[in-house]
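Student: Compact mmCIF, C-alpha atoms and all ligand atoms, file protein.txt:
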```txt
# COMPACT_ATOMS: atom_id res chain seq x y z
CA MET A 341 -182.86 -65.61 246.38
CA PRO A 342 -186.18 -64.39 247.81
CA ARG A 343 -186.63 -60.70 247.38
CA LYS A 344 -186.98 -58.53 250.42
CA PRO A 345 -190.60 -57.37 250.59
CA LEU A 346 -191.03 -53.76 249.59
CA ASP A 347 -191.86 -51.36 252.43
CA ALA A 348 -193.97 -48.67 250.82
CA THR A 349 -193.87 -46.59 254.00
CA GLN A 350 -190.06 -46.27 253.87
CA PRO A 351 -189.46 -42.50 253.68
CA PRO A 352 -186.75 -40.79 251.65
CA THR A 353 -183.75 -39.57 253.64
CA ALA A 354 -183.35 -35.89 254.49
CA ALA A 355 -180.35 -35.74 252.15
CA GLN A 356 -182.40 -37.17 249.28
CA VAL A 357 -185.15 -34.64 249.91
CA ARG A 358 -182.71 -31.72 250.00
CA GLY A 359 -181.00 -32.86 246.80
CA ALA A 360 -184.27 -33.27 244.90
CA TYR A 361 -185.57 -29.96 246.23
CA LYS A 362 -182.49 -28.06 245.06
CA LEU A 363 -183.17 -29.17 241.48
CA ALA A 364 -186.91 -28.62 241.79
CA ARG A 365 -186.40 -25.09 243.08
CA GLU A 366 -184.32 -24.25 240.01
CA ARG A 367 -186.95 -25.70 237.71
CA TYR A 368 -189.69 -23.59 239.31
CA ALA A 369 -187.45 -20.49 239.39
CA ALA A 370 -186.98 -20.80 235.62
CA LEU A 371 -190.76 -20.38 235.33
CA GLY A 372 -190.79 -17.39 237.67
CA VAL A 373 -192.01 -19.29 240.73
CA ASP A 374 -190.37 -18.86 244.15
CA ALA A 375 -190.56 -22.36 245.67
CA ASP A 376 -189.17 -21.25 249.07
CA GLY A 377 -191.86 -18.58 249.25
CA ALA A 378 -194.56 -21.07 248.24
CA VAL A 379 -193.50 -23.48 251.01
CA ARG A 380 -193.54 -20.71 253.60
CA ALA A 381 -196.94 -19.42 252.42
CA ALA A 382 -198.48 -22.90 252.32
CA LEU A 383 -197.33 -23.67 255.88
CA ALA A 384 -198.75 -20.40 257.20
CA ILE A 385 -202.35 -20.93 256.02
CA PRO A 386 -204.45 -22.12 258.98
CA ILE A 387 -206.53 -25.25 258.40
CA SER A 388 -209.33 -25.81 260.89
CA VAL A 389 -209.70 -29.53 261.61
CA GLN A 390 -213.09 -30.98 262.53
CA CYS A 391 -213.39 -32.67 265.92
CA TRP A 392 -216.28 -34.82 264.70
CA GLN A 393 -214.09 -37.15 262.65
CA ALA A 394 -212.85 -38.52 266.00
CA ASP A 395 -216.19 -39.85 267.23
CA ASP A 396 -218.46 -40.22 264.18
CA VAL A 397 -220.39 -37.02 265.05
CA ARG A 398 -221.68 -38.50 268.31
CA GLY A 399 -220.88 -35.57 270.59
CA LEU A 400 -220.43 -35.62 274.34
CA GLU A 401 -224.04 -35.29 275.43
CA ALA A 402 -225.71 -38.32 276.96
CA HIS A 403 -227.87 -38.41 273.84
CA GLU A 404 -230.96 -38.68 275.92
CA GLY A 405 -233.79 -38.41 273.46
CA ALA A 406 -231.38 -37.71 270.62
CA VAL A 407 -233.04 -38.14 267.28
CA ASP A 408 -231.75 -38.78 263.81
CA SER A 409 -232.68 -35.47 262.35
CA GLY A 410 -231.52 -35.87 258.82
CA GLY A 411 -228.54 -35.28 256.66
CA LEU A 412 -225.85 -36.69 258.93
CA GLN A 413 -224.91 -40.31 259.07
CA ALA A 414 -221.49 -41.77 259.74
CA THR A 415 -221.06 -45.19 258.18
CA GLY A 416 -218.61 -47.86 259.29
CA ASN A 417 -217.61 -49.46 262.56
CA TYR A 418 -213.85 -49.26 262.65
CA PRO A 419 -212.84 -49.72 266.32
CA GLY A 420 -211.35 -47.03 268.54
CA ALA A 421 -213.72 -44.07 268.18
CA ALA A 422 -213.07 -41.43 270.83
CA ARG A 423 -215.61 -41.44 273.66
CA THR A 424 -214.67 -38.38 275.71
CA GLY A 425 -213.28 -34.91 275.22
CA ASP A 426 -209.94 -36.12 276.59
CA GLU A 427 -209.82 -38.91 274.01
CA ILE A 428 -210.66 -36.55 271.15
CA ARG A 429 -207.93 -34.16 272.30
CA ALA A 430 -205.37 -36.95 272.67
CA ASP A 431 -206.28 -38.29 269.22
CA PHE A 432 -205.83 -34.89 267.67
CA ASP A 433 -202.52 -34.33 269.45
CA ALA A 434 -201.39 -37.57 267.78
CA ALA A 435 -202.69 -36.47 264.37
CA ALA A 436 -201.37 -32.90 264.60
CA ALA A 437 -197.80 -34.17 264.98
CA LEU A 438 -198.15 -35.73 261.51
CA ILE A 439 -199.70 -32.75 259.70
CA PRO A 440 -197.45 -29.95 258.43
CA GLY A 441 -198.37 -26.29 258.88
CA LYS A 442 -200.64 -24.11 260.97
CA LEU A 443 -203.72 -25.80 262.40
CA ARG A 444 -206.87 -24.76 264.19
CA PHE A 445 -209.47 -27.04 265.73
CA ASN A 446 -213.19 -26.97 265.09
CA ILE A 447 -215.79 -28.09 267.63
CA HIS A 448 -219.56 -28.27 267.77
CA ALA A 449 -221.84 -27.19 270.61
CA MET A 450 -222.59 -30.87 271.33
CA TYR A 451 -218.99 -31.25 272.51
CA ALA A 452 -219.70 -29.24 275.66
CA GLU A 453 -218.14 -30.59 278.84
CA THR A 454 -220.65 -29.96 281.59
CA GLY A 455 -219.19 -32.13 284.34
CA GLY A 456 -221.95 -34.73 284.06
CA LYS A 457 -224.70 -32.15 284.53
CA ARG A 458 -227.40 -31.93 281.88
CA VAL A 459 -227.22 -28.51 280.26
CA ASP A 460 -229.55 -28.04 277.33
CA ARG A 461 -228.22 -26.45 274.19
CA ASP A 462 -229.96 -23.14 274.71
CA GLU A 463 -228.28 -22.80 278.11
CA LEU A 464 -224.70 -23.44 277.08
CA GLU A 465 -222.07 -20.98 278.23
CA PRO A 466 -218.38 -20.38 277.52
CA ARG A 467 -217.41 -22.18 280.74
CA HIS A 468 -218.72 -25.44 279.29
CA PHE A 469 -215.92 -25.23 276.74
CA ALA A 470 -213.15 -24.21 279.15
CA ARG A 471 -211.24 -27.45 278.64
CA TRP A 472 -211.22 -27.00 274.85
CA ILE A 473 -210.03 -23.42 275.30
CA ASP A 474 -207.24 -24.35 277.74
CA TRP A 475 -206.04 -27.15 275.48
CA SER A 476 -206.03 -24.86 272.41
CA LYS A 477 -204.26 -22.12 274.33
CA ALA A 478 -201.51 -24.49 275.48
CA ARG A 479 -200.94 -25.48 271.85
CA ARG A 480 -201.29 -21.93 270.54
CA ARG A 481 -204.03 -23.05 268.20
CA GLY A 482 -207.17 -21.19 267.23
CA LEU A 483 -210.53 -22.80 267.94
CA ASP A 484 -213.65 -22.59 265.80
CA PHE A 485 -217.25 -23.33 266.73
CA ASN A 486 -220.62 -24.44 265.37
CA PRO A 487 -224.16 -24.53 266.72
CA THR A 488 -225.48 -28.11 266.73
CA CYS A 489 -228.93 -27.92 265.13
CA PHE A 490 -229.45 -31.68 264.84
CA ALA A 491 -229.63 -34.84 266.96
CA HIS A 492 -231.94 -33.24 269.51
CA PRO A 493 -235.63 -33.69 270.45
CA MET A 494 -236.34 -30.05 269.58
CA VAL A 495 -235.74 -30.85 265.91
CA LYS A 496 -239.42 -31.13 264.99
CA ASP A 497 -240.51 -32.71 261.70
CA GLY A 498 -236.97 -32.18 260.43
CA LEU A 499 -237.09 -28.42 261.10
CA THR A 500 -235.26 -26.11 263.52
CA LEU A 501 -234.92 -22.39 262.77
CA SER A 502 -237.53 -22.71 260.02
CA SER A 503 -240.12 -24.60 262.07
CA PRO A 504 -243.71 -23.30 262.05
CA ASP A 505 -243.75 -24.06 265.80
CA GLU A 506 -242.75 -20.87 267.53
CA ALA A 507 -241.38 -22.67 270.61
CA VAL A 508 -239.11 -24.78 268.39
CA ARG A 509 -237.87 -21.76 266.50
CA ALA A 510 -237.28 -19.81 269.70
CA PHE A 511 -235.28 -22.69 271.20
CA TRP A 512 -232.90 -22.79 268.23
CA VAL A 513 -232.60 -19.00 268.15
CA ARG A 514 -231.55 -19.15 271.82
CA HIS A 515 -229.10 -21.96 271.00
CA CYS A 516 -227.53 -20.06 268.11
CA LEU A 517 -227.29 -16.90 270.22
CA ALA A 518 -225.54 -18.93 272.93
CA THR A 519 -223.03 -20.25 270.37
CA ARG A 520 -222.19 -16.74 269.25
CA ARG A 521 -221.47 -15.72 272.85
CA ILE A 522 -219.32 -18.84 273.27
CA ALA A 523 -217.49 -18.20 270.00
CA SER A 524 -216.80 -14.65 271.07
CA ALA A 525 -215.39 -15.85 274.42
CA ILE A 526 -213.24 -18.42 272.61
CA GLY A 527 -211.89 -15.82 270.19
CA LYS A 528 -211.10 -13.44 273.03
CA ALA A 529 -209.37 -16.09 275.13
CA LEU A 530 -207.22 -17.34 272.25
CA GLY A 531 -206.48 -14.00 270.61
CA THR A 532 -207.69 -15.15 267.19
CA PRO A 533 -211.27 -14.73 265.91
CA CYS A 534 -213.44 -17.84 266.28
CA VAL A 535 -215.49 -18.79 263.22
CA ASN A 536 -219.04 -19.73 264.22
CA ASN A 537 -220.62 -21.53 261.28
CA ILE A 538 -224.37 -22.00 261.18
CA TRP A 539 -225.63 -25.07 259.36
CA LEU A 540 -229.02 -26.65 259.87
CA PRO A 541 -230.58 -29.73 258.31
CA ASP A 542 -234.05 -28.25 257.74
CA GLY A 543 -235.79 -29.72 254.75
CA ARG A 544 -238.45 -32.08 253.47
CA LYS A 545 -238.36 -35.51 251.94
CA ASP A 546 -240.82 -35.26 249.10
CA SER A 547 -242.91 -33.02 246.89
CA THR A 548 -242.71 -29.94 249.08
CA VAL A 549 -245.63 -27.66 248.38
CA ASP A 550 -244.80 -24.67 250.59
CA ARG A 551 -241.20 -23.75 249.77
CA THR A 552 -241.59 -20.11 250.78
CA GLY A 553 -242.89 -20.36 254.34
CA PRO A 554 -239.87 -22.18 255.85
CA ARG A 555 -237.42 -19.87 254.06
CA HIS A 556 -239.31 -16.82 255.24
CA ARG A 557 -239.16 -18.11 258.84
CA LEU A 558 -235.47 -19.02 258.53
CA LEU A 559 -234.68 -15.52 257.27
CA HIS A 560 -236.29 -13.90 260.31
CA ALA A 561 -234.83 -16.42 262.76
CA LEU A 562 -231.32 -15.82 261.40
CA ASP A 563 -231.86 -12.07 261.60
CA ALA A 564 -232.79 -12.50 265.27
CA VAL A 565 -229.64 -14.58 265.85
CA LEU A 566 -227.31 -12.22 264.01
CA ALA A 567 -228.87 -8.88 264.93
CA ARG A 568 -226.12 -7.78 267.31
CA PRO A 569 -222.47 -7.69 266.21
CA MET A 570 -220.17 -9.75 268.42
CA PRO A 571 -216.45 -9.13 268.84
CA HIS A 572 -213.69 -11.75 268.47
CA MET A 573 -215.73 -13.96 266.16
CA ILE A 574 -216.74 -14.42 262.53
CA ASP A 575 -220.29 -15.48 261.62
CA ALA A 576 -220.70 -17.85 258.69
CA VAL A 577 -223.68 -19.60 257.09
CA GLU A 578 -223.56 -22.90 255.18
CA SER A 579 -225.89 -24.23 252.49
CA LYS A 580 -226.56 -27.77 251.38
CA LEU A 581 -228.10 -29.31 248.29
CA PHE A 582 -229.90 -32.14 250.08
CA GLY A 583 -229.56 -34.55 252.99
CA ILE A 584 -230.72 -38.05 253.80
CA GLY A 585 -234.44 -37.72 254.50
CA CYS A 586 -234.69 -34.30 252.89
CA GLU A 587 -233.99 -35.10 249.30
CA ASP A 588 -236.65 -32.83 247.83
CA TYR A 589 -236.17 -29.53 249.60
CA THR A 590 -233.48 -27.89 251.71
CA VAL A 591 -234.59 -24.64 253.32
CA GLY A 592 -231.04 -23.26 253.54
CA SER A 593 -230.17 -23.66 249.88
CA HIS A 594 -227.21 -22.07 248.14
CA GLU A 595 -229.24 -19.20 246.72
CA PHE A 596 -230.76 -18.52 250.14
CA TYR A 597 -227.42 -18.24 251.90
CA LEU A 598 -225.58 -16.48 249.08
CA ALA A 599 -228.16 -13.71 249.16
CA TYR A 600 -228.24 -13.78 252.96
CA ALA A 601 -224.46 -13.46 253.35
CA ALA A 602 -224.29 -10.69 250.73
CA THR A 603 -227.03 -8.61 252.34
CA ARG A 604 -226.14 -9.25 256.00
CA GLY A 605 -222.36 -8.99 255.82
CA VAL A 606 -221.59 -12.47 257.16
CA ALA A 607 -219.20 -15.03 255.73
CA LEU A 608 -220.46 -17.66 253.30
CA CYS A 609 -219.44 -21.28 253.75
CA TYR A 610 -218.93 -23.44 250.67
CA ASP A 611 -218.87 -27.12 251.54
CA LEU A 612 -217.39 -28.94 248.55
CA GLY A 613 -219.73 -31.87 249.16
CA HIS A 614 -222.89 -29.76 249.23
CA PHE A 615 -223.34 -29.15 245.53
CA HIS A 616 -224.41 -31.07 242.49
CA PRO A 617 -221.43 -33.18 241.39
CA THR A 618 -220.99 -31.20 238.16
CA GLU A 619 -221.17 -27.83 239.90
CA SER A 620 -217.80 -26.13 240.45
CA VAL A 621 -217.27 -24.34 243.76
CA ALA A 622 -213.99 -23.02 242.31
CA ASP A 623 -215.95 -21.07 239.72
CA LYS A 624 -218.22 -19.58 242.38
CA LEU A 625 -215.39 -17.96 244.36
CA SER A 626 -214.57 -15.03 242.10
CA ALA A 627 -218.24 -14.07 241.74
CA THR A 628 -219.06 -14.54 245.41
CA LEU A 629 -216.11 -12.50 246.67
CA LEU A 630 -217.35 -9.46 244.75
CA PHE A 631 -220.31 -9.36 247.14
CA VAL A 632 -219.19 -11.22 250.29
CA ASP A 633 -216.16 -10.27 252.39
CA LYS A 634 -215.15 -13.72 253.56
CA VAL A 635 -215.66 -17.26 252.33
CA LEU A 636 -215.24 -20.33 254.52
CA ILE A 637 -214.28 -23.45 252.59
CA HIS A 638 -215.39 -26.76 254.06
CA ALA A 639 -213.13 -29.20 252.28
CA SER A 640 -214.99 -32.47 251.98
CA ARG A 641 -215.47 -34.98 249.18
CA GLY A 642 -218.82 -35.98 247.86
CA ILE A 643 -219.40 -39.41 246.36
CA ARG A 644 -222.84 -39.84 244.81
CA TRP A 645 -225.27 -39.06 247.67
CA ASP A 646 -222.68 -38.72 250.42
CA SER A 647 -220.97 -35.41 251.07
CA ASP A 648 -218.48 -36.49 253.73
CA HIS A 649 -215.71 -38.70 252.40
CA VAL A 650 -212.11 -38.09 253.52
CA VAL A 651 -210.54 -35.25 251.56
CA ARG A 652 -208.07 -36.26 248.85
CA PHE A 653 -205.84 -34.33 246.46
CA THR A 654 -208.57 -34.31 243.81
CA ASP A 655 -209.14 -32.14 240.75
CA GLU A 656 -211.95 -30.39 242.58
CA LEU A 657 -209.89 -29.54 245.66
CA ARG A 658 -207.00 -28.35 243.49
CA ALA A 659 -209.35 -26.20 241.42
CA VAL A 660 -210.61 -24.41 244.55
CA CYS A 661 -207.07 -23.81 245.82
CA ASP A 662 -205.92 -22.68 242.36
CA GLU A 663 -208.75 -20.20 242.17
CA ALA A 664 -207.99 -18.86 245.67
CA VAL A 665 -204.37 -18.19 244.69
CA ARG A 666 -204.94 -16.96 241.12
CA SER A 667 -207.63 -14.49 242.19
CA GLY A 668 -205.53 -13.07 245.01
CA ALA A 669 -208.35 -13.96 247.42
CA LEU A 670 -206.31 -16.08 249.85
CA PRO A 671 -206.59 -13.48 252.66
CA ASP A 672 -210.39 -13.59 252.36
CA ILE A 673 -210.72 -17.37 252.54
CA LEU A 674 -210.91 -19.48 255.69
CA TRP A 675 -209.99 -23.15 255.31
CA ALA A 676 -211.62 -25.98 257.22
CA LEU A 677 -212.15 -29.71 256.84
CA ASP A 678 -215.59 -31.28 257.14
CA TYR A 679 -215.95 -35.03 256.77
CA PHE A 680 -216.35 -38.12 258.89
CA ASP A 681 -215.51 -41.67 257.93
CA ALA A 682 -216.13 -44.34 260.57
CA SER A 683 -214.85 -47.16 258.37
CA ILE A 684 -211.10 -46.44 258.63
CA ASN A 685 -208.66 -45.40 261.34
CA ARG A 686 -209.95 -41.99 262.38
CA VAL A 687 -206.58 -40.43 263.21
CA ALA A 688 -205.38 -41.45 259.74
CA ALA A 689 -208.54 -39.94 258.24
CA TRP A 690 -207.55 -36.58 259.74
CA VAL A 691 -203.94 -36.89 258.57
CA ILE A 692 -204.87 -37.84 255.01
CA GLY A 693 -207.42 -35.03 254.64
CA ALA A 694 -205.33 -32.29 256.24
CA ARG A 695 -202.21 -33.25 254.31
CA ALA A 696 -204.24 -33.34 251.08
CA LEU A 697 -205.56 -29.81 251.62
CA ARG A 698 -202.10 -28.49 252.54
CA LYS A 699 -200.73 -30.23 249.44
CA ALA A 700 -203.38 -28.66 247.21
CA LEU A 701 -202.60 -25.22 248.66
CA LEU A 702 -198.89 -25.72 247.96
CA TYR A 703 -199.67 -26.98 244.46
CA ALA A 704 -201.67 -23.83 243.81
CA LEU A 705 -198.94 -21.56 245.22
CA LEU A 706 -196.42 -23.23 242.90
CA GLU A 707 -198.42 -22.69 239.74
CA PRO A 708 -196.61 -20.66 237.07
CA PHE A 709 -199.88 -19.01 236.12
CA ALA A 710 -198.61 -15.57 235.06
CA PRO A 711 -197.31 -16.73 231.63
CA ALA A 712 -200.56 -18.62 231.01
CA ALA A 713 -202.63 -15.59 232.00
CA GLU A 714 -200.55 -13.46 229.64
CA ARG A 715 -201.21 -15.81 226.71
CA GLU A 716 -204.90 -15.85 227.57
CA GLU A 717 -205.02 -12.07 227.48
CA GLN A 718 -203.22 -12.05 224.13
CA GLY A 719 -205.74 -14.50 222.72
CA SER A 720 -203.19 -17.30 222.32
CA GLY A 721 -205.42 -20.13 223.42
CA ALA A 722 -203.14 -22.97 222.33
CA ALA A 723 -200.09 -21.50 224.06
CA LYS A 724 -202.10 -21.01 227.23
CA LEU A 725 -203.32 -24.59 227.11
CA ALA A 726 -199.78 -25.92 226.63
CA LEU A 727 -198.50 -23.84 229.56
CA VAL A 728 -201.32 -24.98 231.82
CA GLU A 729 -200.70 -28.58 230.80
CA GLN A 730 -196.97 -28.27 231.54
CA ARG A 731 -197.73 -28.03 235.23
CA ALA A 732 -198.17 -31.79 235.50
CA GLU A 733 -194.53 -32.25 234.47
CA LEU A 734 -193.07 -30.12 237.25
CA PRO A 735 -191.35 -31.76 240.26
CA PHE A 736 -194.08 -30.96 242.77
CA GLY A 737 -193.38 -33.99 244.98
CA ALA A 738 -189.86 -32.75 245.74
CA VAL A 739 -191.26 -29.46 247.05
CA TRP A 740 -193.92 -31.23 249.11
CA ASP A 741 -191.24 -33.40 250.72
CA GLN A 742 -189.24 -30.27 251.49
CA LEU A 743 -192.33 -28.72 253.11
CA CYS A 744 -192.74 -31.80 255.34
CA LEU A 745 -189.05 -31.73 256.22
CA ALA A 746 -189.23 -28.02 257.09
CA ALA A 747 -192.30 -28.66 259.27
CA ASP A 748 -190.61 -31.62 260.96
CA VAL A 749 -193.40 -34.08 260.14
CA PRO A 750 -192.93 -37.59 258.69
CA LEU A 751 -192.14 -37.87 254.99
CA GLY A 752 -194.11 -39.86 252.46
CA THR A 753 -196.43 -42.37 254.08
CA SER A 754 -194.10 -43.13 256.98
CA TRP A 755 -196.67 -41.42 259.26
CA LEU A 756 -198.73 -44.62 258.93
CA ARG A 757 -196.30 -46.21 261.39
CA ASP A 758 -196.99 -43.50 263.96
CA VAL A 759 -200.73 -43.98 263.51
CA ALA A 760 -200.36 -47.75 263.92
CA ALA A 761 -198.34 -47.31 267.13
CA TYR A 762 -200.95 -44.90 268.52
CA GLU A 763 -203.71 -47.33 267.58
CA VAL A 764 -202.05 -50.14 269.55
CA LEU A 765 -201.73 -47.81 272.52
CA THR A 766 -205.37 -46.68 272.52
CA ARG A 767 -207.08 -49.89 271.43
CA SER A 768 -206.31 -51.70 274.67
CA ARG A 769 -207.98 -48.88 276.61
CA ARG A 770 -210.97 -48.31 274.35
CA GLY A 771 -211.85 -51.95 273.76
MN MN A 801 -219.82 -28.55 256.00
```
Show how you would write the structure in this file as structure tokens.
Tutor:
Amino acid sequence: MPRKPLDATQPPTAAQVRGAYKLARERYAALGVDADGAVRAALAIPISVQCWQADDVRGLEAHEGAVDSGGLQATGNYPGAARTGDEIRADFDAAAALIPGKLRFNIHAMYAETGGKRVDRDELEPRHFARWIDWSKARRRGLDFNPTCFAHPMVKDGLTLSSPDEAVRAFWVRHCLATRRIASAIGKALGTPCVNNIWLPDGRKDSTVDRTGPRHRLLHALDAVLARPMPHMIDAVESKLFGIGCEDYTVGSHEFYLAYAATRGVALCYDLGHFHPTESVADKLSATLLFVDKVLIHASRGIRWDSDHVVRFTDELRAVCDEAVRSGALPDILWALDYFDASINRVAAWVIGARALRKALLYALLEPFAPAAEREEQGSGAAKLALVEQRAELPFGAVWDQLCLAADVPLGTSWLRDVAAYEVLTRSRRG
């Protein structure tokens, strides 16, 4: 008899999930871990999801005179990219129904909706984001923001806020000031502070001789942008190791922004894809948080030269979440996703990344780390190692399924069916 083909997207039943969870909860309780509490805590952590996965970082401007200004390149031509604000919002509504837990949305200045009128980036106002605000309000979701310091003719020789050209620098200072006003208006309208994260691509391709001048100019430009405190928003700054076309020198390096955030009282953004592959962001957290009040995590996944692959439940992501929980720093950490993959279904890319981060947070909250920490303190290295290693044997999957059940989102990979149905619906319209 021919065997029925296996359907890997077939989810477990609710009864199966409840049965497995009951046993798992006992197993964790025996190690001093409250699984119910971990599920609740993991669901309550807001994850800010990046709008730019929907449209390959194209933005909603006409792109008149847009230039490739370095460091950002979406690869792939999977059909169905969103073309308008309405399409991005509809796509995210579809994705959000498949992601458990509290979500925020994260937009860039280049997603302004100006009613067909050309409004340059230094003239943007809160009203140009009214549709994003209304949509977020209706869904009771927070909204985060970013200046867009790339893909614009005023990026000159790969430089923005660090340009030697005073007119260029002044333009980007005005743009960044506008984004802070917009972020403040967003935060006020939605009743939750809006994170405004400043990243710029400034750098040079090869054998940079003057490494001081651009950093000196960036320092003063940022001070001009951030001089006045703004209510209802949180300022953050984000470093990068290198970008395409600026392999030799990045003005806003890690050291630059670490020192900047510590001395200026702004949040520091760690993008997991913006470091040397052997460098551990997890290890940086405990040191950084001694000097910086808030850290913004951009969960992304670097592969060789690219920093923007879809987030997965990797060792690196787990290490960052573990460190956030073990150190007690969860209240000081803001979680966001930052990647864009144009080679696969973009709604699925959101779902996979957001579920992976939520999973890693739950995994961290379920860690029986107190006994291991005790052994470490007592100098029992082998016992600590054995206890840490035991974690892989615990029934984590049963708790994750329970979390999805509690959040009323599809179990296992059955969400793939929802994504496929949505794809059929939108493909006919988007061509
Ligand atoms: Mn980032």
Student: Please compute the atom CA of Glu663 of chain A-atom CA of His616 of chain A distance, one decimal, in Å.
Tutor: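 Atom-to-atom, atom CA of Glu663 of chain A to atom CA of His616 of chain A, that is 19.1 Å.
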Student: Would you mind listing what lies within 10 Å of Glu401 of chain A as a count of residues only, with all atoms listed in the file counted and same-chain residues fewer than 6 positions away left out?
Tutor: 13
Student: Could you check which of A:Ile538, A:Ala402, A:Leu371, A:Ala414 is closest to ligand MN 801 (chain A), using all atoms listed in the file?
Tutor: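 Result for the nearest residue to ligand MN 801 (chain A): A:Ile538.
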Student: So which one's closest to Ala382 of chain A, A:Ala696, A:Ile428, A:Ala732, A:Ala518? Using all atoms listed in the file, please.
Tutor: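 Once distances to Ala382 of chain A are computed over all atoms listed in the file, the minimum belongs to A:Ala696.
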Student: May I have the residues within 12 Å of ligand MN 801 (chain A), computed using all atoms listed in the file, as a ChimeraX atom specification?
Tutor: /A:388-390,392,411-412,446,448,486,537-541,576-581,583,608-615,636-642,646-649,675-680
Student: Write out as a list in words the residues lying within 10 Å of Pro671 of chain A, counting all atoms listed in the file and excluding same-chain residues fewer than 6 positions away.
Tutor: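 Close residues of Pro671 of chain A: Ile385, Lys634, Val635, Ala664 and Val665 of chain A.
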Student: Work out how far apart atom CA of Arg358 of chain A and atom CA of Gln742 of chain A are and give it in Å to one decimal.
Tutor: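 That distance, rounded to one decimal, is 6.9 Å.
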Student: So what do you get for atom CA of Arg380 of chain A versus atom CA of Ser620 of chain A, distance-wise?
Tutor: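 Between these atoms lies a distance of 28.1 Å.
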Student: A:Leu670, A:Asp431, A:Tyr597, A:Ile439: which is nearest Leu745 of chain A, counting all atoms listed in the file?
Tutor: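 Ranking A:Leu670, A:Asp431, A:Tyr597, A:Ile439 by distance to Leu745 of chain A, first place goes to A:Ile439.
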